[in-house]
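**Q** First the structure, then my questions, so here it is.
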Amino acid sequence: MNVDLEQRNKKTVRALVILVFVMFLFAVALIPLYDILCEITGINGKTKQESAVLDYKIDTQREITLEFITSLGAGTDLAFKADKYEIKVHPGEVVTMSFTASNKTDQRMTAKANPSVTPGPSVGYVKNTECFCFDTQVFEAGETKHLEVQLVINPTLPEHYKRLTFGLTFFDTTN
Amino acid sequence: MSAVTAEHEHDDHHDHGPEKGLLRWVITTNHKDIGTLYLLFALAMFFVGGIMALVIRAELFEPGMQFVSPQFFNSMTTMHALVMVFGAVMPAFVGFANWQIPLMIGAPDMALPRMNNMSFWMLVGGVLLLASTLFMEGGAPASGWTLYPPLVLQTGAALPFAIFSVHMLGISSIMGAINIIATIFNMRAPKMTLMKMPLFVWTWLITAFLLIAIMPVFAGAVTMLLTDRFFDTSFFNAAGGGDPVLYQHIFWFFGHPEVYVMILPTFGVASTIIPVFARKPLFGYSSMVYATAAIAFLSFIVWAHHMFTVGMPMAGELYFMYATMLIAIPTGVKIFNWTATMWRGSMTFETPMLFSIAFVVLFTMGGFTGLMMSMAPIDFQYHDTYFIVAHFHYTLVPASVFILMAGGYFWLPKWTGNMYDEKLGKLHFWLSAVSVNILFFPQHFLGLAGMPRRIPDYAVQFADWNMVSSVGAFIFGFSQLLFLYIVIHTIKGGTGEKVSDEVWEDAHKHGLEWTLPSPVPYHTFATPPDKIPTEHF
Ligand code: HEM
Ligand SMILES: [Cu+2]
């Protein structure tokens with residue numbers, strides 16, 4: 001094998017190894033990129049995690065059915081329920097919903113809830129003005145808590161949405 | 001390569017044969033030896049994966065639980081896929097690449113012979129590690145080959161080993177790909193310009209770039225699974241602010257091009273075999289090259305067609321739907337070209353040609369079901385049912401696997417200097433071609449009727465077609481023993497008929513490899529050939 005060929009092979013290998021590393025970094029970079037993309041477009045049903053003061057005009061002509069669903073992450077030993085499963089609201093009206101959660105274990109538990117809205121594309125129109133899910137909750141052994149969520153639907157919500165689902169999932173974050 | 005070997009080349013390279021004894025196979029850096037190792041290893045894994053498939057089909061022969069536990073059943077579907085993809089189909093094509101690329105471009109060996117040896121043994125290590133998870137506490141991974149979290153994180157002791165084995169397989173593939181690219185870029189005979197390269201070489205060049213682009217991404221994704229499980233990160237864990245759907249995006253960014261890693265070399269071998277038996281040049285050579293490149297490019301921008309049902313916004317669904325449909329265009333160009341190559345050719349139907357024709361027909365069916373599933377609203381019905389199982393098995397078994405068989409029959413006489421038994425070859429073909437349809441065609445009906453994939457038991461209305469499918473599976477599986485016999489028989493002397501240098505009538509017009517003596521000497525093209533066949537172009 002001559003020297004010239006060896007040089008060329010080395011160059012090819014170097015370029016390709018760099019490409020391998022670039023692609024690996026690309027995979028890692030997808031994590032923040034994904035979150036940024038979801039945040040900008042609101043396409044993942046993740047509601048913005050911040051309180052907001054909004055001043056919408058209430059649209060009494062329209063009525064939206066708002067459903068509440070609750071679920072638990074794997075191994076989260078809570079009893080968690082919405083106090084009402086369904087309400088009717090006018091866009092622009094601030095509504096307060098209450099939930100009940102109790103710690104079924106005999107140990108102190110910290111837990112955090114994650115909110116989501118479906119259908120996904122409607123998420124940008126649902127504003128959480130206040131939510132217990134903004135903070136981590138601490139449950140003493142056996143404690144039952146009443147928790148509140150305040151939200152408002154942006155009156156510019158496109159006409160074809162008649163029913164939205166607001167979901168909360170509690171995760172045990174003790175460790 | 002040191003200066004010492006460079007000196008050696010001049011004096012005793014020509015008569016320097018292989019090492020004696022078994023050690024030859026461990027330390028060899030000869031592209032033909034390594035090609036043989038890859039092919040034999042792939043053949044062995046084809047049977048290991050095949051046994052797993054038969055466990056699956058035995059359990060599904062009748063409704064109810066018969067032989068295995070649900071957990072083990074799911075391990076079987078997972079391991080069957082991983083073994084077939086990473087242990088059988090990919091290594092087999094790497095084996096072909098090792099044997100054929102240097103012969104086809106007039107090079108004395110692969111560019112990086114020692115790395116070649118390393119990537120083979122890394123592959124063996126990776127597959128053995130993967131297989132060892134079957135015996136670990138909690139069993140082998142049972143989450144499906146896609147390793148979706150959160151399910152995969154429930155794997156027992158096997159998880160870190162499975163992930164580490166994926167790393168090894170990835171490194172092996174990357175090394176193999178680098179070697180292939182370096183060989184093709186730097187080692188071609190002077191007259192072998194890029195647009196004169198046989199299509200098999202072209203398809204492998206493009207496949208190698210795909211591998212380099214996607215294997216690191218897969219490695220990244222599984223590493224994040226590992227840290228989620230053991231180091232309390234939350235990349236894919238909703239409790240910590242992560243998102244399991246993100247894993248699916250990363251996986252399919254790898255996964256979709258990965259299926260093309262298995263099909264592009266298939267296209268290359270088919271484009272090599274069909275012209276020889278049609279006794280015509282390949283129709284539309286340059287359109288074949290461009291179509292291959294187009295398919296490779298498109299494969300990076302369609303991944304979420306595997307995720308139509310995760311709740312993407314409408315714009316995403318539409319984009320991935322139209323982008324996926326586009327793939328049918330370059331694929332259609334290829335099918336048109338193979339058909340046009342056969343059109344008015346003086347065809348003969350030796351075993352390699354039979355397998356190739358079956359490939360053209362049956363692959364087209366797999367492509368059509370792909371097109372059906374590319375329609376987002378319709379895919380909601382097909383997704384995760386047996387329909388998709390039928391789809392990808394049509395694109396993999398009577399396509400990739402058939403073409404691997406075709407290539408075996410086509411090149412074995414050249415490599416060994418012995419002719420295989422044509423009668424047995426044809427018998428093997430007909431048994432395989434009929435049984436593969438008995439096996440997979442009914443799965444379309446099952447899927448349309450709503451039978452989900454990856455389940456060990458099913459409702460009784462699915463019983464009939466499952467039984468038919470299982471019968472097909474056992475015929476297909478046992479027919480492959482015939483292939484094993486034919487291969488061994490050929491290596492050991494075959495029919496005893498003396499094969500000519502070109503083996504197939506006028507094959508020397510189609511490629512450099514047929515200008516060499518049969519069997520191919522241990523060292524070839526120490527000096528590059530000064531003429532290259534032009535019939536093709
Ligand atoms: C015209 C070409 C093709 C189109 C339009 C197409 C389309 C699709 C679509 C839409 C799916 C997802 C279905 C679902 O999950 O609901 C799919 C799955 C799949 N396709 Fe294709 N496909 C094509 C060719 C191929 C080829 C050539 C191969 C392999 C050699 C292949 C292998 C697979 C595999 C393995 C899966 C299933 C992955 C899994 O979920 O485990 N496809 N295809
Ligand atoms: Cu795909």
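In the structure tokens, the first chain shown is A, the next is B, and so on; residue numbers restart at 1 for each chain, and ligands run from 1 in the order shown.
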Which residues form the shell of 8 Å around ligand 1 when you count only C-alpha atoms and all ligand atoms, given as an MDAnalysis selection string?
**A** chainID B and resid 144:146 255:256 259:263 305:309 321 324:328 331 363 366:376 379:380 382:385 388:389 391:393 395:396 399:400
**Q** Set the distance at 8 Å and use only C-alpha atoms: which residues neighbour Phe320 (chain B) once local chain neighbours fewer than 6 positions away are removed? I'd like the list as a PDB file with all heavy atoms, in the first residue's frame.
**A**
ATOM      1  N   ILE B 301     -36.351  12.471   6.256  1.00  0.00           N
ATOM      2  CA  ILE B 301     -37.360  13.505   6.533  1.00  0.00           C
ATOM      3  C   ILE B 301     -38.774  12.945   6.613  1.00  0.00           C
ATOM      4  O   ILE B 301     -39.734  13.664   6.459  1.00  0.00           O
ATOM      5  CB  ILE B 301     -37.296  14.626   5.469  1.00  0.00           C
ATOM      6  CG1 ILE B 301     -37.519  14.050   4.063  1.00  0.00           C
ATOM      7  CG2 ILE B 301     -35.966  15.357   5.521  1.00  0.00           C
ATOM      8  CD1 ILE B 301     -37.785  15.132   3.031  1.00  0.00           C
ATOM      9  N   VAL B 302     -38.878  11.645   6.858  1.00  0.00           N
ATOM     10  CA  VAL B 302     -40.223  11.048   6.894  1.00  0.00           C
ATOM     11  C   VAL B 302     -40.494  10.272   8.190  1.00  0.00           C
ATOM     12  O   VAL B 302     -41.489   9.578   8.292  1.00  0.00           O
ATOM     13  CB  VAL B 302     -40.416  10.067   5.705  1.00  0.00           C
ATOM     14  CG1 VAL B 302     -40.330  10.804   4.394  1.00  0.00           C
ATOM     15  CG2 VAL B 302     -39.417   8.936   5.743  1.00  0.00           C
ATOM     16  N   TRP B 303     -39.592  10.396   9.188  1.00  0.00           N
ATOM     17  CA  TRP B 303     -39.619   9.449  10.297  1.00  0.00           C
ATOM     18  C   TRP B 303     -40.949   9.373  11.028  1.00  0.00           C
ATOM     19  O   TRP B 303     -41.347   8.318  11.494  1.00  0.00           O
ATOM     20  CB  TRP B 303     -38.472   9.745  11.269  1.00  0.00           C
ATOM     21  CG  TRP B 303     -38.679  10.983  12.094  1.00  0.00           C
ATOM     22  CD1 TRP B 303     -39.305  11.023  13.305  1.00  0.00           C
ATOM     23  CD2 TRP B 303     -38.288  12.319  11.781  1.00  0.00           C
ATOM     24  NE1 TRP B 303     -39.319  12.320  13.770  1.00  0.00           N
ATOM     25  CE2 TRP B 303     -38.707  13.140  12.865  1.00  0.00           C
ATOM     26  CE3 TRP B 303     -37.616  12.911  10.722  1.00  0.00           C
ATOM     27  CZ2 TRP B 303     -38.481  14.511  12.888  1.00  0.00           C
ATOM     28  CZ3 TRP B 303     -37.395  14.282  10.761  1.00  0.00           C
ATOM     29  CH2 TRP B 303     -37.826  15.066  11.828  1.00  0.00           C
ATOM     30  N   ALA B 304     -41.657  10.517  11.126  1.00  0.00           N
ATOM     31  CA  ALA B 304     -42.836  10.481  11.991  1.00  0.00           C
ATOM     32  C   ALA B 304     -44.021   9.766  11.351  1.00  0.00           C
ATOM     33  O   ALA B 304     -45.096   9.721  11.945  1.00  0.00           O
ATOM     34  CB  ALA B 304     -43.219  11.879  12.436  1.00  0.00           C
ATOM     35  N   HIS B 305     -43.829   9.150  10.152  1.00  0.00           N
ATOM     36  CA  HIS B 305     -44.941   8.316   9.672  1.00  0.00           C
ATOM     37  C   HIS B 305     -45.115   7.078  10.548  1.00  0.00           C
ATOM     38  O   HIS B 305     -46.089   6.365  10.419  1.00  0.00           O
ATOM     39  CB  HIS B 305     -44.799   7.941   8.188  1.00  0.00           C
ATOM     40  CG  HIS B 305     -43.619   7.108   7.847  1.00  0.00           C
ATOM     41  ND1 HIS B 305     -42.896   7.284   6.701  1.00  0.00           N
ATOM     42  CD2 HIS B 305     -43.009   6.096   8.480  1.00  0.00           C
ATOM     43  CE1 HIS B 305     -41.916   6.416   6.650  1.00  0.00           C
ATOM     44  NE2 HIS B 305     -41.960   5.674   7.717  1.00  0.00           N
TER      45      HIS B 305
END
**Q** Using backbone DSSP assignments, extract all helix (DSSP H, G or I) residues from chain A; output them as a PDB file with N, CA, C and O atoms, in the first residue's frame.
**A**
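The file below, states30.pdb, is the result:
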ATOM      1  N   VAL A   3       2.236   5.259   0.105  1.00  0.00           N
ATOM      2  CA  VAL A   3       2.107   6.311   1.110  1.00  0.00           C
ATOM      3  C   VAL A   3       0.958   7.257   0.773  1.00  0.00           C
ATOM      4  O   VAL A   3       0.186   7.670   1.638  1.00  0.00           O
ATOM      5  N   ASP A   4       0.856   7.560  -0.502  1.00  0.00           N
ATOM      6  CA  ASP A   4      -0.189   8.473  -0.940  1.00  0.00           C
ATOM      7  C   ASP A   4      -1.578   7.951  -0.560  1.00  0.00           C
ATOM      8  O   ASP A   4      -2.414   8.666  -0.015  1.00  0.00           O
ATOM      9  N   LEU A   5      -1.765   6.646  -0.813  1.00  0.00           N
ATOM     10  CA  LEU A   5      -3.056   6.034  -0.512  1.00  0.00           C
ATOM     11  C   LEU A   5      -3.330   6.075   0.987  1.00  0.00           C
ATOM     12  O   LEU A   5      -4.442   6.356   1.439  1.00  0.00           O
ATOM     13  N   GLU A   6      -2.259   5.809   1.746  1.00  0.00           N
ATOM     14  CA  GLU A   6      -2.415   5.823   3.190  1.00  0.00           C
ATOM     15  C   GLU A   6      -2.876   7.194   3.666  1.00  0.00           C
ATOM     16  O   GLU A   6      -3.736   7.316   4.529  1.00  0.00           O
ATOM     17  N   GLN A   7      -2.278   8.231   3.082  1.00  0.00           N
ATOM     18  CA  GLN A   7      -2.672   9.601   3.423  1.00  0.00           C
ATOM     19  C   GLN A   7      -4.150   9.829   3.126  1.00  0.00           C
ATOM     20  O   GLN A   7      -4.882  10.384   3.935  1.00  0.00           O
ATOM     21  N   ARG A   8      -4.536   9.397   1.951  1.00  0.00           N
ATOM     22  CA  ARG A   8      -5.925   9.640   1.550  1.00  0.00           C
ATOM     23  C   ARG A   8      -6.891   8.889   2.470  1.00  0.00           C
ATOM     24  O   ARG A   8      -7.926   9.407   2.865  1.00  0.00           O
ATOM     25  N   ASN A   9      -6.519   7.635   2.805  1.00  0.00           N
ATOM     26  CA  ASN A   9      -7.381   6.880   3.713  1.00  0.00           C
ATOM     27  C   ASN A   9      -7.509   7.581   5.053  1.00  0.00           C
ATOM     28  O   ASN A   9      -8.591   7.668   5.621  1.00  0.00           O
ATOM     29  N   LYS A  10      -6.380   8.085   5.534  1.00  0.00           N
ATOM     30  CA  LYS A  10      -6.404   8.773   6.839  1.00  0.00           C
ATOM     31  C   LYS A  10      -7.346   9.955   6.786  1.00  0.00           C
ATOM     32  O   LYS A  10      -8.126  10.197   7.704  1.00  0.00           O
ATOM     33  N   LYS A  11      -7.273  10.695   5.681  1.00  0.00           N
ATOM     34  CA  LYS A  11      -8.110  11.880   5.552  1.00  0.00           C
ATOM     35  C   LYS A  11      -9.591  11.496   5.537  1.00  0.00           C
ATOM     36  O   LYS A  11     -10.417  12.103   6.207  1.00  0.00           O
ATOM     37  N   THR A  12      -9.895  10.446   4.754  1.00  0.00           N
ATOM     38  CA  THR A  12     -11.288  10.000   4.681  1.00  0.00           C
ATOM     39  C   THR A  12     -11.780   9.588   6.062  1.00  0.00           C
ATOM     40  O   THR A  12     -12.866   9.983   6.491  1.00  0.00           O
ATOM     41  N   VAL A  13     -10.957   8.805   6.764  1.00  0.00           N
ATOM     42  CA  VAL A  13     -11.381   8.320   8.078  1.00  0.00           C
ATOM     43  C   VAL A  13     -11.605   9.494   9.018  1.00  0.00           C
ATOM     44  O   VAL A  13     -12.607   9.550   9.733  1.00  0.00           O
ATOM     45  N   ARG A  14     -10.682  10.477   8.973  1.00  0.00           N
ATOM     46  CA  ARG A  14     -10.826  11.614   9.878  1.00  0.00           C
ATOM     47  C   ARG A  14     -12.160  12.328   9.619  1.00  0.00           C
ATOM     48  O   ARG A  14     -12.926  12.594  10.536  1.00  0.00           O
ATOM     49  N   ALA A  15     -12.447  12.597   8.362  1.00  0.00           N
ATOM     50  CA  ALA A  15     -13.689  13.297   8.029  1.00  0.00           C
ATOM     51  C   ALA A  15     -14.903  12.504   8.515  1.00  0.00           C
ATOM     52  O   ALA A  15     -15.851  13.060   9.089  1.00  0.00           O
ATOM     53  N   LEU A  16     -14.855  11.176   8.321  1.00  0.00           N
ATOM     54  CA  LEU A  16     -16.023  10.376   8.688  1.00  0.00           C
ATOM     55  C   LEU A  16     -16.181  10.282  10.195  1.00  0.00           C
ATOM     56  O   LEU A  16     -17.307  10.280  10.716  1.00  0.00           O
ATOM     57  N   VAL A  17     -15.065  10.217  10.918  1.00  0.00           N
ATOM     58  CA  VAL A  17     -15.164  10.157  12.381  1.00  0.00           C
ATOM     59  C   VAL A  17     -15.764  11.463  12.909  1.00  0.00           C
ATOM     60  O   VAL A  17     -16.602  11.454  13.817  1.00  0.00           O
ATOM     61  N   ILE A  18     -15.375  12.567  12.299  1.00  0.00           N
ATOM     62  CA  ILE A  18     -15.979  13.845  12.704  1.00  0.00           C
ATOM     63  C   ILE A  18     -17.487  13.798  12.472  1.00  0.00           C
ATOM     64  O   ILE A  18     -18.280  14.179  13.326  1.00  0.00           O
ATOM     65  N   LEU A  19     -17.882  13.256  11.337  1.00  0.00           N
ATOM     66  CA  LEU A  19     -19.308  13.147  11.033  1.00  0.00           C
ATOM     67  C   LEU A  19     -20.030  12.319  12.102  1.00  0.00           C
ATOM     68  O   LEU A  19     -21.138  12.657  12.544  1.00  0.00           O
ATOM     69  N   VAL A  20     -19.388  11.232  12.546  1.00  0.00           N
ATOM     70  CA  VAL A  20     -19.987  10.398  13.589  1.00  0.00           C
ATOM     71  C   VAL A  20     -20.237  11.230  14.844  1.00  0.00           C
ATOM     72  O   VAL A  20     -21.324  11.192  15.432  1.00  0.00           O
ATOM     73  N   PHE A  21     -19.239  12.026  15.241  1.00  0.00           N
ATOM     74  CA  PHE A  21     -19.407  12.833  16.452  1.00  0.00           C
ATOM     75  C   PHE A  21     -20.482  13.905  16.270  1.00  0.00           C
ATOM     76  O   PHE A  21     -21.278  14.164  17.170  1.00  0.00           O
ATOM     77  N   VAL A  22     -20.491  14.508  15.104  1.00  0.00           N
ATOM     78  CA  VAL A  22     -21.508  15.517  14.842  1.00  0.00           C
ATOM     79  C   VAL A  22     -22.903  14.915  14.984  1.00  0.00           C
ATOM     80  O   VAL A  22     -23.795  15.497  15.604  1.00  0.00           O
ATOM     81  N   MET A  23     -23.080  13.718  14.442  1.00  0.00           N
ATOM     82  CA  MET A  23     -24.406  13.102  14.514  1.00  0.00           C
ATOM     83  C   MET A  23     -24.770  12.744  15.951  1.00  0.00           C
ATOM     84  O   MET A  23     -25.928  12.820  16.345  1.00  0.00           O
ATOM     85  N   PHE A  24     -23.758  12.340  16.735  1.00  0.00           N
ATOM     86  CA  PHE A  24     -24.040  12.030  18.141  1.00  0.00           C
ATOM     87  C   PHE A  24     -24.489  13.304  18.867  1.00  0.00           C
ATOM     88  O   PHE A  24     -25.476  13.307  19.599  1.00  0.00           O
ATOM     89  N   LEU A  25     -23.769  14.392  18.621  1.00  0.00           N
ATOM     90  CA  LEU A  25     -24.150  15.660  19.242  1.00  0.00           C
ATOM     91  C   LEU A  25     -25.538  16.088  18.787  1.00  0.00           C
ATOM     92  O   LEU A  25     -26.330  16.619  19.557  1.00  0.00           O
ATOM     93  N   PHE A  26     -25.824  15.825  17.527  1.00  0.00           N
ATOM     94  CA  PHE A  26     -27.141  16.153  16.995  1.00  0.00           C
ATOM     95  C   PHE A  26     -28.228  15.445  17.810  1.00  0.00           C
ATOM     96  O   PHE A  26     -29.232  16.052  18.186  1.00  0.00           O
ATOM     97  N   ALA A  27     -27.995  14.159  18.105  1.00  0.00           N
ATOM     98  CA  ALA A  27     -28.991  13.412  18.885  1.00  0.00           C
ATOM     99  C   ALA A  27     -29.186  14.056  20.244  1.00  0.00           C
ATOM    100  O   ALA A  27     -30.308  14.186  20.732  1.00  0.00           O
ATOM    101  N   VAL A  28     -28.096  14.476  20.877  1.00  0.00           N
ATOM    102  CA  VAL A  28     -28.210  15.097  22.191  1.00  0.00           C
ATOM    103  C   VAL A  28     -28.901  16.456  22.069  1.00  0.00           C
ATOM    104  O   VAL A  28     -29.750  16.820  22.888  1.00  0.00           O
ATOM    105  N   ALA A  29     -28.567  17.181  20.999  1.00  0.00           N
ATOM    106  CA  ALA A  29     -29.147  18.510  20.807  1.00  0.00           C
ATOM    107  C   ALA A  29     -30.644  18.438  20.543  1.00  0.00           C
ATOM    108  O   ALA A  29     -31.366  19.412  20.743  1.00  0.00           O
ATOM    109  N   LEU A  30     -31.131  17.273  20.106  1.00  0.00           N
ATOM    110  CA  LEU A  30     -32.559  17.149  19.819  1.00  0.00           C
ATOM    111  C   LEU A  30     -33.409  17.388  21.064  1.00  0.00           C
ATOM    112  O   LEU A  30     -34.547  17.838  20.965  1.00  0.00           O
ATOM    113  N   ILE A  31     -32.832  17.107  22.246  1.00  0.00           N
ATOM    114  CA  ILE A  31     -33.610  17.259  23.481  1.00  0.00           C
ATOM    115  C   ILE A  31     -34.013  18.724  23.678  1.00  0.00           C
ATOM    116  O   ILE A  31     -35.213  19.015  23.724  1.00  0.00           O
ATOM    117  N   PRO A  32     -33.060  19.657  23.788  1.00  0.00           N
ATOM    118  CA  PRO A  32     -33.498  21.059  23.913  1.00  0.00           C
ATOM    119  C   PRO A  32     -34.257  21.553  22.687  1.00  0.00           C
ATOM    120  O   PRO A  32     -35.254  22.271  22.837  1.00  0.00           O
ATOM    121  N   LEU A  33     -33.840  21.122  21.512  1.00  0.00           N
ATOM    122  CA  LEU A  33     -34.537  21.575  20.304  1.00  0.00           C
ATOM    123  C   LEU A  33     -36.009  21.204  20.340  1.00  0.00           C
ATOM    124  O   LEU A  33     -36.884  21.984  19.978  1.00  0.00           O
ATOM    125  N   TYR A  34     -36.248  19.987  20.808  1.00  0.00           N
ATOM    126  CA  TYR A  34     -37.616  19.478  20.867  1.00  0.00           C
ATOM    127  C   TYR A  34     -38.461  20.333  21.805  1.00  0.00           C
ATOM    128  O   TYR A  34     -39.562  20.751  21.476  1.00  0.00           O
ATOM    129  N   ASP A  35     -37.894  20.627  22.997  1.00  0.00           N
ATOM    130  CA  ASP A  35     -38.648  21.438  23.950  1.00  0.00           C
ATOM    131  C   ASP A  35     -38.905  22.836  23.409  1.00  0.00           C
ATOM    132  O   ASP A  35     -39.988  23.385  23.581  1.00  0.00           O
ATOM    133  N   ILE A  36     -37.879  23.395  22.750  1.00  0.00           N
ATOM    134  CA  ILE A  36     -38.046  24.745  22.205  1.00  0.00           C
ATOM    135  C   ILE A  36     -39.129  24.744  21.140  1.00  0.00           C
ATOM    136  O   ILE A  36     -40.031  25.575  21.122  1.00  0.00           O
ATOM    137  N   LEU A  37     -39.071  23.734  20.279  1.00  0.00           N
ATOM    138  CA  LEU A  37     -40.054  23.640  19.201  1.00  0.00           C
ATOM    139  C   LEU A  37     -41.467  23.499  19.774  1.00  0.00           C
ATOM    140  O   LEU A  37     -42.411  24.147  19.321  1.00  0.00           O
ATOM    141  N   CYS A  38     -41.587  22.650  20.794  1.00  0.00           N
ATOM    142  CA  CYS A  38     -42.907  22.443  21.394  1.00  0.00           C
ATOM    143  C   CYS A  38     -43.401  23.728  22.031  1.00  0.00           C
ATOM    144  O   CYS A  38     -44.589  24.043  22.005  1.00  0.00           O
ATOM    145  N   GLU A  39     -42.467  24.477  22.646  1.00  0.00           N
ATOM    146  CA  GLU A  39     -42.881  25.694  23.320  1.00  0.00           C
ATOM    147  C   GLU A  39     -43.336  26.749  22.313  1.00  0.00           C
ATOM    148  O   GLU A  39     -44.370  27.377  22.482  1.00  0.00           O
ATOM    149  N   ILE A  40     -42.553  26.908  21.253  1.00  0.00           N
ATOM    150  CA  ILE A  40     -42.899  27.921  20.261  1.00  0.00           C
ATOM    151  C   ILE A  40     -44.234  27.601  19.620  1.00  0.00           C
ATOM    152  O   ILE A  40     -45.098  28.456  19.469  1.00  0.00           O
ATOM    153  N   THR A  41     -44.403  26.342  19.251  1.00  0.00           N
ATOM    154  CA  THR A  41     -45.596  25.999  18.481  1.00  0.00           C
ATOM    155  C   THR A  41     -46.724  25.499  19.366  1.00  0.00           C
ATOM    156  O   THR A  41     -47.852  25.411  18.927  1.00  0.00           O
ATOM    157  N   GLY A 120     -54.219  18.590  21.133  1.00  0.00           N
ATOM    158  CA  GLY A 120     -52.957  19.302  21.233  1.00  0.00           C
ATOM    159  C   GLY A 120     -52.961  20.728  20.698  1.00  0.00           C
ATOM    160  O   GLY A 120     -52.518  21.646  21.390  1.00  0.00           O
ATOM    161  N   PRO A 121     -53.466  20.963  19.494  1.00  0.00           N
ATOM    162  CA  PRO A 121     -53.345  22.303  18.923  1.00  0.00           C
ATOM    163  C   PRO A 121     -54.114  23.372  19.697  1.00  0.00           C
ATOM    164  O   PRO A 121     -53.890  24.557  19.496  1.00  0.00           O
ATOM    165  N   SER A 122     -55.004  22.971  20.595  1.00  0.00           N
ATOM    166  CA  SER A 122     -55.782  23.969  21.320  1.00  0.00           C
ATOM    167  C   SER A 122     -55.019  24.483  22.532  1.00  0.00           C
ATOM    168  O   SER A 122     -55.484  25.378  23.226  1.00  0.00           O
ATOM    169  N   VAL A 123     -53.850  23.908  22.794  1.00  0.00           N
ATOM    170  CA  VAL A 123     -53.181  24.179  24.057  1.00  0.00           C
ATOM    171  C   VAL A 123     -52.833  25.648  24.238  1.00  0.00           C
ATOM    172  O   VAL A 123     -52.893  26.185  25.335  1.00  0.00           O
ATOM    173  N   GLY A 124     -52.521  26.327  23.149  1.00  0.00           N
ATOM    174  CA  GLY A 124     -52.141  27.728  23.252  1.00  0.00           C
ATOM    175  C   GLY A 124     -53.296  28.624  23.692  1.00  0.00           C
ATOM    176  O   GLY A 124     -53.087  29.759  24.102  1.00  0.00           O
ATOM    177  N   TYR A 125     -54.513  28.106  23.661  1.00  0.00           N
ATOM    178  CA  TYR A 125     -55.676  28.923  23.987  1.00  0.00           C
ATOM    179  C   TYR A 125     -56.133  28.730  25.424  1.00  0.00           C
ATOM    180  O   TYR A 125     -57.069  29.376  25.864  1.00  0.00           O
ATOM    181  N   PHE A 132     -51.991  24.391  41.235  1.00  0.00           N
ATOM    182  CA  PHE A 132     -51.165  23.732  42.249  1.00  0.00           C
ATOM    183  C   PHE A 132     -50.024  22.969  41.574  1.00  0.00           C
ATOM    184  O   PHE A 132     -49.058  22.603  42.192  1.00  0.00           O
ATOM    185  N   CYS A 133     -50.183  22.774  40.254  1.00  0.00           N
ATOM    186  CA  CYS A 133     -49.152  22.030  39.543  1.00  0.00           C
ATOM    187  C   CYS A 133     -47.914  22.880  39.263  1.00  0.00           C
ATOM    188  O   CYS A 133     -46.922  22.373  38.759  1.00  0.00           O
ATOM    189  N   PHE A 134     -47.979  24.179  39.575  1.00  0.00           N
ATOM    190  CA  PHE A 134     -46.768  24.985  39.399  1.00  0.00           C
ATOM    191  C   PHE A 134     -45.727  24.629  40.450  1.00  0.00           C
ATOM    192  O   PHE A 134     -44.542  24.851  40.256  1.00  0.00           O
TER     193      PHE A 134
END
**Q** So the first atom is CA of Ala140 (chain B) and the second is CA of Met79 (chain B); what is the distance between them in Å, to one decimal place?
**A**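 Interatomic distance here is 7.6 Å.
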**Q** Mind giving me the straight-line distance from CA of Met467 (chain B) to CA of Ser69 (chain B) in Å, one decimal?
**A** 19.5 Å
**Q** Given only C-alpha atoms as the basis, pick out the residue of B:Tyr319, B:Phe235, B:Phe164, B:Phe277 nearest to chain A.
**A**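 For chain A, the nearest of the candidates is B:Phe235.
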**Q** Find, counting only C-alpha atoms, the residue in A:Lys145, A:Lys112, A:Lys57, A:Lys81 that gets nearest to chain B.
**A**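 Of A:Lys145, A:Lys112, A:Lys57, A:Lys81, the one nearest chain B is A:Lys112, counting only C-alpha atoms.
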**Q** Calculated over only C-alpha atoms, which of the candidates B:Ile488, B:Leu128, B:Leu43, B:Ala111 has the smallest distance to chain A?
**A**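 Checking each candidate against chain A, we get B:Ala111 as the closest.
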**Q** Rank B:Pro150, B:Gly408, B:Pro313, B:Pro102 by their smallest atom-to-atom distance to chain A, using only C-alpha atoms, and report the top residue only.
**A**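 The closest residue to chain A is B:Pro313.
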**Q** Would you return as a PyMOL selection string the members of region 35-141 of chain A that DSSP assigns to strand (DSSP E) on this structure's backbone?
**A** chain A and resi 64-72+78-82+86-89+94-103+109-118+126-131+137-139
**Q** Could you check how far CA of Asp228 (chain B) sits from CA of Val166 (chain B), in Å to one decimal?
**A**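 CA of Val166 (chain B) lies 16.6 Å from CA of Asp228 (chain B).
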**Q** Can you pull out the residues contacting Cys131 (chain A)? Cut-off 7 Å, using only C-alpha atoms, and skip same-chain residues under 6 positions away; I want them as a ChimeraX atom specification.
**A** /A:148-150
**Q** Please write the residues from the selection above to a file, keeping N, CA and C atoms, as an mmCIF file, in the first residue's frame.
**A**
data_model
loop_
_atom_site.group_PDB
_atom_site.id
_atom_site.type_symbol
_atom_site.label_atom_id
_atom_site.label_comp_id
_atom_site.auth_asym_id
_atom_site.auth_seq_id
_atom_site.Cartn_x
_atom_site.Cartn_y
_atom_site.Cartn_z
ATOM 1 N N GLU A 148 -56.367 23.489 43.925
ATOM 2 C CA GLU A 148 -57.145 24.289 42.987
ATOM 3 C C GLU A 148 -56.389 24.660 41.718
ATOM 4 N N VAL A 149 -57.160 24.745 40.673
ATOM 5 C CA VAL A 149 -56.625 25.181 39.386
ATOM 6 C C VAL A 149 -57.518 26.301 38.884
ATOM 7 N N GLN A 150 -56.877 27.346 38.379
ATOM 8 C CA GLN A 150 -57.667 28.425 37.804
ATOM 9 C C GLN A 150 -57.308 28.520 36.336
#
